Amino acid sequence: MFNPLESAPPLWHNGPVPGAFYNFPGTQRIPAANPITHTQSPVTTSTSIIAITYDKGVLIAGDLVASYGSLARYRNCPRVIEVNPNIILGAGGDYADFQYVKSFIEQKIIDEDCLDDGLKMKPKSLYCWLTRIMYQRRSKLDPFWNNLVVGGLQDGVPFLGTIDKLGTAYTDKVICTGYGAHIALPILRDALDKKTNLNLNDAKALIKRCMEVLFYRDARSFPKYQLGIIDKDDGVKIEGPLTVEENWNIAYMT
Amino acid sequence: MMMQTEMNAYYPDYSTAPIQRQINPYADNGGSVVAIAGNDFVVVGADTRLSSGFSIYTRNQNKLFPMSDTTVLGCAGCWCDTLTLTRILKSRMQMYQQEHNKQMSTTACAQMLSTMLYYKRFFPYYISNILVGLDNEGKGCVYSYDPIGHCEKATYRAGGSAGALLQPLLDNQIGQKNLVKPSSEDLSQEKALAILKDVFIAAAERDIYTGDSVLINIITKDGTKVETFELRKD
């Protein structure tokens, strides 16, 4: 008889076991007759978001791939969006959850438009509202598996904040999620230490550099990405798909 | 023997058990709070580092929340719980003000916090809270809490990630414990502030969740004064 407990160990952590069926995404099967539990794990996932404020606005960048485990499954999944003329939003993590979150944010914007009071939602309001939504879902132990990055102009002043799946929220001048928190964030913080007040071109060059480094080092990344810009003078623009300039010459060993 | 084998056969494709990955609703975001009370003042400091594991989320996060003109709450622990608790507390303070046409006293606020924490006894806010303020006589007071609402009044307290590291230091320096010649002088504001800064420097050396800078609130009958103090940033 085949007993999984006595068989060979998995090939890698949560990986396939020789002689057993591969159970993707490698979560554990537990015996039935447990109390009711809300269950969720991310399935189709996207990777880092990197964001930075500059003197007159905010930049948010994220690549276009949505992965199914280690498989780069969907290669054109935009995840930097314009919410309204005051706000842009970037999201990482589960893509289905993001699409759902996006749908009710869009509904909220429509509802506010219908009031016809001439007021547009500001980034702090959306940031606060999303924090409450993420916290409420984590309290039901059924979280939205996302890292959300809210950027915008709060009465002309650049605003950048982030919320994770627990409802942990904070604002800063630079924010990176996922792998970017380990690789891009030190680059951006270092640049900001050297020059505190960046202009649009400085910020753009930095983001371009970070997306390049992330593409080389993050195995779940992709060379096509979007760049969301919100500027005091030029308003909102979602640029892309932009391409990382690849150079693999250095990789050849002769 | 054969029968038993067939009964225990393993068919992974036909398993009816749910696939489960339980999420952990809590995070340890670190941070330390230190409070010292004197006869006519109270000082409270919290570091400004917000972190998770080996990542620093931000180096500039205020963890001191003014509740009234004479009361301040310092929070360390799970940041998402802190955001929620302080938001509810703030609205409760406002409701009290509008109902009674006066600000809630520090003692009443201390009791309310305990009640609010215990209300969530079976799904607690994972925060170590330190509430400071001036009592009705204008004397400085410090209340410290565990996550489920146990409350103790003290004159000095350290809490958060470096709490266990700093409390014995405060016992010695402020409580005059284990000294051959304890001083009988009243604690001055300058001395309290100097000790507060020193203990944070000590904590930043040993605790990776404490650092970047300290935000200090000094509460006297004249109001609250805010000060910052830089710590090591590695």
# chains A, B, ... in the order shown; residues from 1 in each chain; ligands from 1

call {"tool": "residues_around", "arguments": {"residues": "segment 181-188 of chain A", "least_positions_apart": "4", "cutoff": "7 Å", "atoms": "only C-alpha atoms", "output": "ChimeraX atom specification"}}
result
/A:174,176-177,192,210,214

call {"tool": "write_last_selection", "arguments": {"atoms": "N, CA and C atoms", "output": "mmCIF file, in the first residue's frame"}}
result
data_model
loop_
_atom_site.group_PDB
_atom_site.id
_atom_site.type_symbol
_atom_site.label_atom_id
_atom_site.label_comp_id
_atom_site.auth_asym_id
_atom_site.auth_seq_id
_atom_site.Cartn_x
_atom_site.Cartn_y
_atom_site.Cartn_z
ATOM 1 N N VAL A 174 8.514 56.455 -0.192
ATOM 2 C CA VAL A 174 8.710 55.326 -1.115
ATOM 3 C C VAL A 174 8.038 54.094 -0.536
ATOM 4 N N CYS A 176 7.417 49.860 -1.546
ATOM 5 C CA CYS A 176 7.559 48.715 -2.437
ATOM 6 C C CYS A 176 6.921 47.513 -1.749
ATOM 7 N N THR A 177 6.261 46.667 -2.532
ATOM 8 C CA THR A 177 5.660 45.471 -1.953
ATOM 9 C C THR A 177 6.289 44.241 -2.582
ATOM 10 N N LEU A 192 16.830 58.605 -2.274
ATOM 11 C CA LEU A 192 16.128 59.671 -1.556
ATOM 12 C C LEU A 192 16.988 60.280 -0.445
ATOM 13 N N CYS A 210 14.794 50.401 -11.186
ATOM 14 C CA CYS A 210 14.286 49.383 -10.259
ATOM 15 C C CYS A 210 13.563 48.257 -10.999
ATOM 16 N N LEU A 214 14.643 44.427 -10.802
ATOM 17 C CA LEU A 214 13.648 43.432 -10.394
ATOM 18 C C LEU A 214 13.468 42.362 -11.471
#

call {"tool": "select_by_dssp", "arguments": {"residues": "segment 70-190 of chain B", "states": "strand (DSSP E or B)", "output": "number ranges by chain"}}
result
B: 71-77, 127-134, 140-145, 151-154, 156-160

call {"tool": "select_by_dssp", "arguments": {"residues": "segment 66-234 of chain A", "states": "helix (DSSP H, G or I)", "output": "VMD selection string"}}
result
chain A and resid 95 to 115 123 to 139 180 to 194 200 to 217

call {"tool": "atom_distance", "arguments": {"atom1": "atom CA of Asp207 of chain B", "atom2": "atom CA of Leu179 of chain B"}}
result
26.3 Å

call {"tool": "residues_around", "arguments": {"residues": "segment 158-171 of chain B", "least_positions_apart": "3", "cutoff": "7 Å", "atoms": "only C-alpha atoms", "output": "ChimeraX atom specification"}}
result
/B:30-35,76-77,128,174-177,199,203,207,209

call {"tool": "write_last_selection", "arguments": {"atoms": "C-alpha atoms", "output": "tab-separated table (two decimals), in the first residue's frame"}}
result
chain	number	residue	atom	x	y	z
B	30	GLY	CA	7.46	45.78	16.69
B	31	GLY	CA	7.97	49.13	18.37
B	32	SER	CA	8.64	50.16	21.95
B	33	VAL	CA	6.90	52.59	24.28
B	34	VAL	CA	8.35	54.04	27.48
B	35	ALA	CA	6.47	56.25	29.91
B	76	ALA	CA	3.14	48.74	20.09
B	77	GLY	CA	2.47	45.34	18.56
B	128	SER	CA	0.73	46.45	24.35
B	174	ILE	CA	13.80	55.56	38.28
B	175	GLY	CA	12.48	53.10	40.86
B	176	GLN	CA	15.89	53.30	42.64
B	177	LYS	CA	15.81	49.51	43.02
B	199	VAL	CA	16.91	53.72	27.52
B	203	ALA	CA	17.07	49.38	23.22
B	207	ASP	CA	16.40	45.14	19.60
B	209	TYR	CA	12.43	46.25	16.08

call {"tool": "residues_around", "arguments": {"residues": "Tyr143 of chain B", "least_positions_apart": "2", "cutoff": "12 Å", "atoms": "only C-alpha atoms", "output": "PyMOL selection string"}}
result
chain B and resi 34-37+42+44+71-74+106-114+128-135+140-141+145-146+149-159

call {"tool": "residues_around", "arguments": {"residues": "Leu85 of chain B", "least_positions_apart": "2", "cutoff": "10 Å", "atoms": "only C-alpha atoms", "output": "ChimeraX atom specification"}}
result
/B:75,79-83,87-90,113,116-117,125,127

call {"tool": "atom_distance", "arguments": {"atom1": "atom CA of Tyr179 of chain A", "atom2": "atom CA of Val101 of chain A"}}
result
22.0 Å

call {"tool": "residues_around", "arguments": {"residues": "segment 63-69 of chain A", "least_positions_apart": "4", "cutoff": "10 Å", "atoms": "only C-alpha atoms", "output": "PyMOL selection string"}}
result
chain A and resi 24-26+42-50+73-80+92-95+211+214-215+220-227+240-244

call {"tool": "write_last_selection", "arguments": {"atoms": "C-alpha atoms", "output": "compact mmCIF listing (two decimals), in the first residue's frame"}}
result
# COMPACT_ATOMS: atom_id res chain seq x y z
CA PHE A 24 -0.66 22.25 -6.66
CA PRO A 25 -0.32 24.77 -5.02
CA GLY A 26 1.09 22.39 -2.44
CA PRO A 42 -3.69 33.00 -3.53
CA VAL A 43 -3.90 31.25 -6.90
CA THR A 44 -3.18 33.56 -9.83
CA THR A 45 -0.67 35.98 -8.38
CA SER A 46 1.16 39.09 -9.45
CA THR A 47 4.44 40.26 -7.97
CA SER A 48 5.93 43.56 -6.72
CA ILE A 49 4.57 47.07 -6.91
CA ILE A 50 7.04 49.91 -6.61
CA ARG A 73 0.26 32.09 -16.99
CA TYR A 74 -1.21 35.44 -18.11
CA ARG A 75 1.04 38.00 -19.74
CA ASN A 76 -1.20 41.02 -20.07
CA CYS A 77 -2.75 41.73 -16.68
CA PRO A 78 -2.83 45.46 -15.93
CA ARG A 79 -2.73 46.21 -12.19
CA VAL A 80 -2.01 49.93 -12.05
CA GLY A 92 -0.02 42.92 -6.05
CA GLY A 93 -1.03 39.46 -4.86
CA ASP A 94 -4.08 37.47 -5.97
CA TYR A 95 -5.33 38.81 -9.32
CA MET A 211 12.05 47.57 -12.77
CA LEU A 214 13.65 43.43 -10.39
CA PHE A 215 13.33 41.80 -13.80
CA ARG A 220 8.17 35.87 -11.07
CA SER A 221 8.68 39.13 -12.96
CA PHE A 222 8.19 40.11 -16.57
CA PRO A 223 9.88 42.61 -18.93
CA LYS A 224 6.62 44.42 -19.76
CA TYR A 225 5.29 46.87 -17.19
CA GLN A 226 2.93 49.78 -16.63
CA LEU A 227 3.78 53.11 -15.07
CA GLY A 240 2.60 51.32 -20.98
CA PRO A 241 3.21 48.64 -21.76
CA LEU A 242 6.81 49.76 -21.28
CA THR A 243 9.65 47.33 -21.85
CA VAL A 244 12.68 46.60 -19.70

call {"tool": "atom_distance", "arguments": {"atom1": "atom CA of Ser125 of chain A", "atom2": "atom CA of Ser68 of chain B"}}
result
24.1 Å

call {"tool": "residues_around", "arguments": {"residues": "Ala204 of chain B", "least_positions_apart": "4", "cutoff": "7 Å", "atoms": "only C-alpha atoms", "output": "PyMOL selection string"}}
result
chain B and resi 200+208+210-211+231-232

call {"tool": "write_last_selection", "arguments": {"atoms": "C-alpha atoms", "output": "mmCIF file, in the first residue's frame"}}
result
data_model
loop_
_atom_site.group_PDB
_atom_site.id
_atom_site.type_symbol
_atom_site.label_atom_id
_atom_site.label_comp_id
_atom_site.auth_asym_id
_atom_site.auth_seq_id
_atom_site.Cartn_x
_atom_site.Cartn_y
_atom_site.Cartn_z
ATOM 1 C CA PHE B 200 15.865 54.099 23.889
ATOM 2 C CA ILE B 208 16.070 45.151 15.817
ATOM 3 C CA THR B 210 13.359 49.477 17.856
ATOM 4 C CA GLY B 211 15.230 52.286 16.131
ATOM 5 C CA LEU B 231 18.277 56.731 17.028
ATOM 6 C CA ARG B 232 20.488 54.425 14.976
#

call {"tool": "closest_residue", "arguments": {"among": "A:Asn84, A:Asn249, A:Asn146, A:Thr53", "to": "Asp172 of chain A", "atoms": "only C-alpha atoms"}}
result
A:Thr53

call {"tool": "closest_residue", "arguments": {"among": "A:Ile175, A:Ile60, A:Ile110, A:Ile81", "to": "chain B", "atoms": "only C-alpha atoms"}}
result
A:Ile175
